[in-house]
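See below for start.tsv, which holds TSV, C-alpha atoms.
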chain	number	residue	atom	x	y	z
A	1	MET	CA	104.24	121.80	78.80
A	2	LYS	CA	106.57	119.37	77.04
A	3	ILE	CA	106.35	119.47	73.24
A	4	LEU	CA	106.66	116.13	71.43
A	5	HIS	CA	107.49	116.55	67.75
A	6	ASP	CA	105.90	113.26	66.69
A	7	ASN	CA	102.47	114.04	68.12
A	8	LEU	CA	101.97	117.71	67.41
A	9	PHE	CA	98.40	117.70	66.12
A	10	SER	CA	97.08	115.83	69.15
A	11	GLN	CA	98.85	118.32	71.38
A	12	ILE	CA	97.41	121.32	69.53
A	13	ILE	CA	93.80	120.12	69.57
A	14	SER	CA	93.84	118.56	73.04
A	15	ILE	CA	91.20	119.76	75.50
A	16	ASP	CA	93.94	120.81	77.92
A	17	ASN	CA	95.63	122.96	75.28
A	18	LEU	CA	92.33	124.52	74.20
A	19	PHE	CA	91.48	125.47	77.79
A	20	CYS	CA	94.98	126.89	78.31
A	21	SER	CA	94.60	128.80	75.06
A	22	TRP	CA	91.27	130.20	76.23
A	23	ASN	CA	92.79	131.32	79.54
A	24	GLU	CA	95.60	133.12	77.74
A	25	PHE	CA	93.30	134.65	75.15
A	26	LYS	CA	90.70	136.02	77.59
A	27	LYS	CA	93.16	138.15	79.58
A	28	GLY	CA	92.06	141.78	79.34
A	29	LYS	CA	89.06	140.86	77.16
A	30	ARG	CA	86.47	139.68	79.68
A	31	LYS	CA	84.28	142.76	79.15
A	32	LYS	CA	84.03	142.23	75.38
A	33	LYS	CA	80.59	141.14	74.24
A	34	ASP	CA	81.80	138.37	71.91
A	35	VAL	CA	84.08	136.97	74.64
A	36	GLN	CA	81.23	136.98	77.18
A	37	GLU	CA	78.94	135.19	74.72
A	38	PHE	CA	81.55	132.50	74.09
A	39	GLU	CA	82.21	132.09	77.83
A	40	LEU	CA	78.50	131.65	78.54
A	41	HIS	CA	78.72	128.14	77.05
A	42	LEU	CA	82.48	127.72	77.41
A	43	GLU	CA	82.76	123.96	77.87
A	44	ASP	CA	80.32	123.18	75.06
A	45	ASN	CA	82.11	125.60	72.74
A	46	LEU	CA	85.58	124.21	73.47
A	47	PHE	CA	84.50	120.56	73.22
A	48	ASN	CA	82.74	121.31	69.91
A	49	LEU	CA	85.87	123.06	68.68
A	50	HIS	CA	87.93	120.02	69.67
A	51	GLU	CA	85.64	117.75	67.64
A	52	GLU	CA	85.78	120.06	64.61
A	53	LEU	CA	89.56	120.06	64.72
A	54	LYS	CA	89.78	116.30	65.31
A	55	SER	CA	87.49	115.53	62.37
A	56	LYS	CA	89.14	118.28	60.26
A	57	THR	CA	85.78	119.92	59.59
A	58	TYR	CA	86.98	123.16	61.16
A	59	LYS	CA	86.85	126.17	58.85
A	60	HIS	CA	88.34	129.54	59.71
A	61	SER	CA	85.67	132.24	59.84
A	62	HIS	CA	85.61	135.79	58.50
A	63	TYR	CA	87.56	138.76	59.84
A	64	THR	CA	86.23	142.04	61.13
A	65	SER	CA	88.41	144.89	59.87
A	66	PHE	CA	89.02	148.31	61.39
A	67	PHE	CA	91.73	150.96	61.57
A	68	ILE	CA	93.82	152.13	64.53
A	69	ASN	CA	96.38	154.91	64.84
A	70	ASP	CA	99.37	153.55	66.79
A	71	PRO	CA	100.87	156.00	65.89
A	72	LYS	CA	100.56	155.52	62.14
A	73	ARG	CA	97.32	154.29	60.62
A	74	ARG	CA	97.13	150.49	60.61
A	75	HIS	CA	94.52	148.17	59.15
A	76	ILE	CA	93.62	145.53	61.75
A	77	HIS	CA	91.76	142.32	60.96
A	78	LYS	CA	90.08	140.69	63.96
A	79	ALA	CA	89.15	137.01	63.88
A	80	THR	CA	86.25	135.46	65.80
A	81	VAL	CA	86.77	134.26	69.38
A	82	LYS	CA	86.79	130.62	68.29
A	83	ASP	CA	89.44	131.27	65.64
A	84	ARG	CA	91.60	133.26	68.03
A	85	ILE	CA	91.56	130.35	70.48
A	86	VAL	CA	92.80	128.14	67.62
A	87	HIS	CA	95.55	130.70	66.93
A	88	HIS	CA	96.65	130.48	70.56
A	89	ALA	CA	96.52	126.67	70.45
A	90	ILE	CA	98.76	126.58	67.36
A	91	TYR	CA	101.13	129.19	68.79
A	92	ARG	CA	101.54	127.40	72.14
A	93	ILE	CA	102.82	124.24	70.45
A	94	LEU	CA	104.72	125.59	67.43
A	95	TYR	CA	106.44	128.60	69.02
A	96	PRO	CA	108.94	126.56	71.12
A	97	ILE	CA	109.88	124.51	68.06
A	98	PHE	CA	110.62	127.47	65.79
A	99	ASP	CA	112.02	129.77	68.45
A	100	LYS	CA	115.07	127.49	68.75
A	101	THR	CA	115.88	128.16	65.09
A	102	PHE	CA	115.86	131.97	65.38
A	103	ILE	CA	119.03	134.01	65.85
A	104	HIS	CA	119.79	135.61	69.20
A	105	ASP	CA	119.28	139.13	67.85
A	106	SER	CA	115.68	138.69	66.67
A	107	TYR	CA	113.62	140.55	69.28
A	108	SER	CA	109.99	140.78	68.16
A	109	CYS	CA	107.31	138.71	69.92
A	110	ARG	CA	109.73	136.32	71.62
A	111	ASN	CA	110.01	135.29	75.24
A	112	GLU	CA	112.52	137.37	77.22
A	113	LYS	CA	113.09	139.70	74.27
A	114	GLY	CA	111.17	142.85	73.25
A	115	THR	CA	111.76	146.46	72.24
A	116	HIS	CA	113.87	147.52	75.22
A	117	LYS	CA	116.30	144.61	74.85
A	118	ALA	CA	116.56	145.37	71.12
A	119	VAL	CA	117.39	149.01	71.87
A	120	ASP	CA	119.95	147.98	74.52
A	121	ARG	CA	121.55	145.57	72.05
A	122	LEU	CA	121.82	148.31	69.43
A	123	GLN	CA	123.48	150.57	71.99
A	124	SER	CA	126.03	147.86	72.79
A	125	PHE	CA	126.82	147.68	69.06
A	126	LEU	CA	127.29	151.45	68.90
A	127	ARG	CA	129.82	151.33	71.74
A	128	ARG	CA	132.12	149.04	69.79
A	129	ASP	CA	135.08	150.79	68.18
A	130	THR	CA	133.81	154.33	68.73
A	131	PRO	CA	136.78	156.74	68.35
A	132	TRP	CA	137.61	156.99	72.06
A	133	ARG	CA	137.64	153.18	72.35
A	134	VAL	CA	140.19	152.43	69.63
A	135	SER	CA	143.55	151.41	71.10
A	136	THR	CA	145.55	151.33	67.86
A	137	GLY	CA	145.39	155.10	67.39
A	138	GLU	CA	143.48	154.66	64.14
A	139	VAL	CA	140.07	156.37	64.23
A	140	LYS	CA	137.25	154.02	63.25
A	141	TYR	CA	133.55	154.68	62.99
A	142	TYR	CA	130.73	152.31	62.34
A	143	ARG	CA	128.24	153.45	59.77
A	144	VAL	CA	124.76	152.29	60.58
A	145	ILE	CA	122.29	151.28	57.93
A	146	ILE	CA	118.78	151.29	59.35
A	147	LYS	CA	115.88	150.02	57.34
A	148	LEU	CA	112.96	151.21	59.33
A	149	ASP	CA	110.44	149.41	57.22
A	150	ILE	CA	110.10	146.64	54.70
A	151	LYS	CA	107.52	148.01	52.32
A	152	LYS	CA	104.06	146.75	53.35
A	153	PHE	CA	105.58	143.70	55.03
A	154	PHE	CA	102.49	142.04	56.53
A	155	ALA	CA	100.49	142.61	53.35
A	156	SER	CA	103.30	141.19	51.19
A	157	VAL	CA	104.05	137.86	52.89
A	158	ASP	CA	103.71	135.19	50.21
A	159	HIS	CA	101.57	132.26	51.41
A	160	GLU	CA	103.38	129.62	49.38
A	161	ILE	CA	106.83	130.70	50.57
A	162	LEU	CA	105.66	130.87	54.20
A	163	PHE	CA	104.04	127.43	54.03
A	164	ASP	CA	107.17	125.90	52.45
A	165	LEU	CA	109.29	127.34	55.27
A	166	ILE	CA	106.99	125.79	57.86
A	167	LYS	CA	107.03	122.43	56.05
A	168	LYS	CA	110.81	122.28	56.43
A	169	LYS	CA	110.35	121.92	60.18
A	170	ILE	CA	106.87	120.41	60.58
A	171	LYS	CA	106.12	117.05	58.94
A	172	ASP	CA	102.77	116.25	60.58
A	173	GLU	CA	100.23	116.46	57.74
A	174	ASN	CA	97.37	117.27	60.09
A	175	VAL	CA	99.26	120.19	61.59
A	176	LEU	CA	100.10	121.40	58.10
A	177	TRP	CA	96.40	121.24	57.19
A	178	LEU	CA	95.53	123.45	60.17
A	179	VAL	CA	98.39	125.85	59.51
A	180	LYS	CA	97.38	126.19	55.88
A	181	GLU	CA	93.76	126.79	56.89
A	182	THR	CA	94.99	129.63	59.11
A	183	ILE	CA	97.36	131.14	56.54
A	184	ASP	CA	94.84	131.00	53.70
A	185	SER	CA	92.06	132.51	55.81
A	186	PHE	CA	93.41	135.93	54.82
A	187	ASN	CA	94.47	137.29	51.44
A	188	THR	CA	95.31	140.83	50.37
A	189	LYS	CA	94.87	140.02	46.69
A	190	GLN	CA	91.68	141.66	45.45
A	191	ASN	CA	91.53	139.85	42.13
A	192	GLU	CA	90.37	136.25	42.63
A	193	ARG	CA	91.99	135.27	39.32
A	194	GLU	CA	95.43	136.07	40.64
A	195	ARG	CA	97.24	132.86	41.45
A	196	GLU	CA	99.39	134.12	44.29
A	197	SER	CA	97.98	134.60	47.77
A	198	THR	CA	99.66	137.14	50.00
A	199	GLY	CA	99.32	138.77	53.37
A	200	ILE	CA	99.03	137.85	57.04
A	201	PRO	CA	96.63	139.86	59.18
A	202	LEU	CA	97.71	142.36	61.82
A	203	GLY	CA	95.88	141.17	64.91
A	204	ASN	CA	96.45	137.40	64.71
A	205	LEU	CA	98.75	135.87	67.33
A	206	THR	CA	99.91	133.40	64.69
A	207	SER	CA	100.97	136.31	62.47
A	208	GLN	CA	103.68	137.17	65.00
A	209	LEU	CA	105.14	133.67	64.71
A	210	PHE	CA	104.71	133.53	60.94
A	211	ALA	CA	106.49	136.90	60.57
A	212	ASN	CA	109.49	135.60	62.51
A	213	ILE	CA	109.59	132.36	60.51
A	214	TYR	CA	109.48	134.37	57.27
A	215	LEU	CA	112.13	136.94	58.23
A	216	ASN	CA	114.36	134.33	59.83
A	217	GLU	CA	115.48	133.68	56.27
A	218	LEU	CA	116.76	137.27	56.14
A	219	ASP	CA	118.40	136.89	59.57
A	220	GLN	CA	120.26	133.76	58.52
A	221	PHE	CA	121.37	135.38	55.26
A	222	VAL	CA	122.75	138.49	56.97
A	223	LYS	CA	124.49	136.57	59.75
A	224	HIS	CA	125.86	133.57	57.87
A	225	ARG	CA	126.13	134.62	54.23
A	226	LEU	CA	127.05	138.27	54.63
A	227	LYS	CA	128.93	137.53	57.90
A	228	VAL	CA	127.54	140.62	59.65
A	229	LYS	CA	128.34	140.54	63.37
A	230	SER	CA	126.35	143.59	64.46
A	231	TYR	CA	122.77	143.06	63.35
A	232	ALA	CA	119.44	143.25	65.19
A	233	ARG	CA	115.85	142.95	64.02
A	234	TYR	CA	112.49	143.78	65.57
A	235	CYS	CA	109.75	142.59	63.20
A	236	ASP	CA	110.49	144.41	59.90
A	237	ASP	CA	112.73	147.07	61.52
A	238	PHE	CA	116.38	146.11	61.45
A	239	VAL	CA	119.84	147.60	61.84
A	240	ILE	CA	123.16	146.62	60.32
A	241	LEU	CA	126.49	148.05	61.51
A	242	TYR	CA	129.71	147.87	59.56
A	243	SER	CA	133.09	149.57	59.41
A	244	VAL	CA	133.35	152.64	57.20
A	245	GLY	CA	136.56	151.32	55.65
A	246	ASN	CA	135.00	148.00	54.76
A	247	SER	CA	134.14	147.99	51.06
A	248	HIS	CA	131.94	144.96	51.67
A	249	GLY	CA	129.75	147.12	53.87
A	250	CYS	CA	128.96	149.51	51.04
A	251	SER	CA	127.12	146.76	49.15
A	252	LEU	CA	125.21	145.34	52.13
A	253	GLN	CA	122.07	147.32	51.44
A	254	ASP	CA	121.92	146.12	47.83
A	255	ALA	CA	122.63	142.54	48.89
A	256	VAL	CA	119.80	142.58	51.43
A	257	GLY	CA	117.42	144.19	48.94
A	258	ASP	CA	118.22	141.60	46.29
A	259	PHE	CA	117.87	138.71	48.73
A	260	ILE	CA	114.43	139.63	50.04
A	261	LYS	CA	113.21	140.41	46.54
A	262	ASP	CA	114.44	137.12	45.05
A	263	ASN	CA	113.69	134.81	47.98
A	264	LEU	CA	110.85	136.40	49.94
A	265	LYS	CA	109.12	138.60	47.33
A	266	LEU	CA	109.57	141.65	49.54
A	267	GLN	CA	110.96	145.14	48.94
A	268	LEU	CA	112.93	147.57	51.06
A	269	HIS	CA	111.03	150.82	51.54
A	270	PRO	CA	112.76	153.29	49.17
A	271	ASP	CA	112.36	156.27	51.52
A	272	LYS	CA	113.21	154.73	54.89
A	273	THR	CA	116.87	153.77	54.75
A	274	ILE	CA	119.01	155.92	57.04
A	275	ILE	CA	122.80	155.99	57.36
A	276	ARG	CA	124.29	157.44	60.53
A	277	LYS	CA	127.46	157.55	62.60
A	278	PRO	CA	127.15	156.54	66.26
A	279	ASN	CA	127.59	160.07	67.59
A	280	GLN	CA	124.65	161.26	65.46
A	281	GLY	CA	122.16	158.98	67.21
A	282	ILE	CA	119.97	156.28	65.70
A	283	ASP	CA	116.17	156.49	65.66
A	284	PHE	CA	115.04	152.97	66.58
A	285	LEU	CA	111.82	151.68	68.17
A	286	GLY	CA	110.75	154.98	69.69
A	287	TYR	CA	114.14	156.04	71.05
A	288	VAL	CA	117.12	157.92	69.64
A	289	VAL	CA	120.06	155.73	70.60
A	290	PHE	CA	123.62	157.00	71.18
A	291	PRO	CA	126.63	154.95	72.32
A	292	TYR	CA	126.27	155.98	75.97
A	293	HIS	CA	122.76	157.36	76.34
A	294	LYS	CA	119.23	157.15	74.94
A	295	ILE	CA	116.55	159.81	74.59
A	296	LEU	CA	112.88	159.57	73.74
A	297	ARG	CA	112.04	160.38	70.13
A	298	THR	CA	110.38	163.81	69.81
A	299	LYS	CA	107.33	162.38	68.03
A	300	THR	CA	106.93	159.80	70.79
A	301	LYS	CA	107.12	162.50	73.46
A	302	LYS	CA	104.48	164.68	71.75
A	303	ARG	CA	102.19	161.69	71.24
A	304	MET	CA	102.59	160.68	74.89
A	305	PHE	CA	101.53	164.08	76.26
A	306	LYS	CA	98.72	164.42	73.72
A	307	LYS	CA	97.31	161.03	74.71
A	308	LEU	CA	97.58	161.72	78.41
A	309	ARG	CA	95.75	165.04	78.09
A	310	ALA	CA	93.02	163.30	76.09
A	311	LYS	CA	92.71	160.59	78.76
A	312	LYS	CA	92.56	163.29	81.45
A	313	ARG	CA	89.56	164.84	79.70
A	314	LEU	CA	87.87	161.42	79.63
A	315	LEU	CA	88.63	161.04	83.34
A	316	ASP	CA	87.06	164.43	84.08
A	317	GLN	CA	83.98	163.37	82.11
A	318	LYS	CA	83.93	160.09	84.09
A	319	VAL	CA	84.23	158.07	80.88
A	320	ILE	CA	87.22	156.19	82.31
A	321	SER	CA	88.09	155.38	85.90
A	322	GLN	CA	90.89	156.85	88.01
A	323	GLU	CA	92.45	153.37	88.06
A	324	SER	CA	92.51	153.16	84.25
A	325	PHE	CA	93.99	156.63	84.00
A	326	GLU	CA	96.70	155.81	86.52
A	327	GLN	CA	97.62	152.61	84.63
A	328	ILE	CA	98.15	154.65	81.46
A	329	ARG	CA	100.28	157.21	83.27
A	330	GLN	CA	102.40	154.51	84.94
A	331	SER	CA	102.97	152.85	81.56
A	332	TYR	CA	104.48	156.11	80.31
A	333	PHE	CA	106.72	156.29	83.38
A	334	GLY	CA	107.87	152.78	82.45
A	335	VAL	CA	108.83	153.94	78.94
A	336	LEU	CA	110.85	156.84	80.38
A	337	LYS	CA	112.78	154.56	82.74
A	338	HIS	CA	114.62	153.15	79.74
A	339	CYS	CA	116.14	156.45	78.63
A	340	GLU	CA	117.35	159.79	79.97
A	341	GLY	CA	113.83	160.81	80.74
A	342	TRP	CA	113.96	162.33	84.23
A	343	LYS	CA	112.96	165.76	82.91
A	344	LEU	CA	110.02	164.28	81.01
A	345	THR	CA	109.06	162.25	84.07
A	346	LYS	CA	108.92	165.46	86.09
A	347	GLU	CA	106.85	167.17	83.38
A	348	LEU	CA	104.49	164.21	83.37
A	349	SER	CA	104.21	164.30	87.15
A	350	ASP	CA	103.61	168.05	87.11
A	351	LEU	CA	100.94	167.73	84.42
A	352	ILE	CA	98.66	165.64	86.64
A	353	ASP	CA	98.89	165.56	90.43
A	354	LYS	CA	98.41	162.43	92.49
A	355	LYS	CA	94.66	162.96	92.70
A	356	GLY	CA	94.33	163.15	88.94
A	357	ARG	CA	93.68	166.90	88.84
A	358	SER	CA	95.37	169.38	86.49
A	359	SER	CA	98.27	171.11	88.24
I'd like the structure from this file rewritten - as structure tokens, please.
Amino acid sequence: MKILHDNLFSQIISIDNLFCSWNEFKKGKRKKKDVQEFELHLEDNLFNLHEELKSKTYKHSHYTSFFINDPKRRHIHKATVKDRIVHHAIYRILYPIFDKTFIHDSYSCRNEKGTHKAVDRLQSFLRRDTPWRVSTGEVKYYRVIIKLDIKKFFASVDHEILFDLIKKKIKDENVLWLVKETIDSFNTKQNERERESTGIPLGNLTSQLFANIYLNELDQFVKHRLKVKSYARYCDDFVILYSVGNSHGCSLQDAVGDFIKDNLKLQLHPDKTIIRKPNQGIDFLGYVVFPYHKILRTKTKKRMFKKLRAKKRLLDQKVISQESFEQIRQSYFGVLKHCEGWKLTKELSDLIDKKGRSS
């Protein structure tokens, strides 16, 4: 689908885009009651949505909130089916425009990126100038600063700052109306008298794009102002590598903290900054990464086996099907393919035999 910058709103609200958005949205959700109810009168619902958007009478509805443990406790806010189709429609048109502005080493929720490529990129950084690779005879290490978390990132995104960043690229007033309607549909501020609106909901497809637009400011600052060559980010998890002998590197953490505080109204998590040498291994996105090998994080391993045993009990009780159980098990095999996990693969295979019975 070719994106024309001078006709964005028409492209977003077009019947073709709404149907494509529906087809993308419904994948894996066909058994949900609200999805089935919407599909029962699909054409009427999509044509009515088109008219609401065209006349700008569309209003974003409420969210349903719930908690998941994945693995830490997260507060999810689920929009209605109609609103989620709008999110897909916006994303389909705006993503290609903004994606071109992102740095190469931003890996979250982008085509042909993802966690495994982020981990591989980090490993390639760790291989640079490790002691056995230095030809000058001088021993050099990289010290790695890892900020595993920006404190309450999704809850802290400032609506005004985010909207201003989008306005720098998008000039269509109708698109900006729809984007603002989506952004302002959610607010973590409890006091209505507070002027500032903050927060984007975990669960919205648009939140993935908005997060990258917001943190692209950090990416550009680190790469072009601080001149850091070895930097990678996955959502609000990011790594910076610098030479131990580089005095500039010692102030990088403070510089990043000051920048996100002054420009994005964010804070680094005070307890989640880790400094390591390459040979000590770096805990990143579920793996412990070394220059020449990767292992699964212990917590991830324990969670994997705990979940599989729980699913096995559900299988024995006929709550889930053999097919569903096998899909889960194969997904774990896929995780282990990206690290030195042959021993864990064998343990996983020994835990459940091919027929799904305890061995």
Atom pair CA of Ile93 in chain A / CA of Ser185 in chain A: separation (Å): 20.0 Å
8 Å contact set for range 302-314 of chain A, only C-alpha atoms, chain neighbours under 3 positions out, as JSON, numbers by chain: {"A": [71, 298, 299, 317, 318, 319, 320, 325, 328, 329, 332, 348, 356]}
Separation of CA of Thr300 in chain A from CA of Gly286 in chain A, in Å and rounded to one decimal: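 Distance reported for this atom pair: 6.2 Å.
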Nearest to His50 in chain A, chosen from A:Phe238, A:Phe19, A:Phe25, A:Phe125, with all atoms listed in the file counted in the distances: A:Phe19
Selection near range 216-224 of chain A, 9 Å with all atoms listed in the file, sequence-local residues under 3 positions removed, as an MDAnalysis selection string: chainID A and resid 101:103 105:106 165 211:213 227:233 240 252 256 259:260 263:264
Separation of CA of Ser65 in chain A from CA of Thr198 in chain A, in Å and rounded to one decimal: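 About the pair CA of Ser65 in chain A and CA of Thr198 in chain A: they are 16.9 Å apart.
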Counting only C-alpha atoms, the option among A:Gly203, A:Asp254, A:Ala118, A:Ile183 closest to Leu226 in chain A: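 Nearest to Leu226 in chain A: A:Asp254.
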Residue nearest Ser197 in chain A - candidates A:Leu209, A:Ile97, A:Leu178, A:Leu162, atoms counted: all atoms listed in the file: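 Using all atoms listed in the file, the shortest distance to Ser197 in chain A belongs to A:Leu162.
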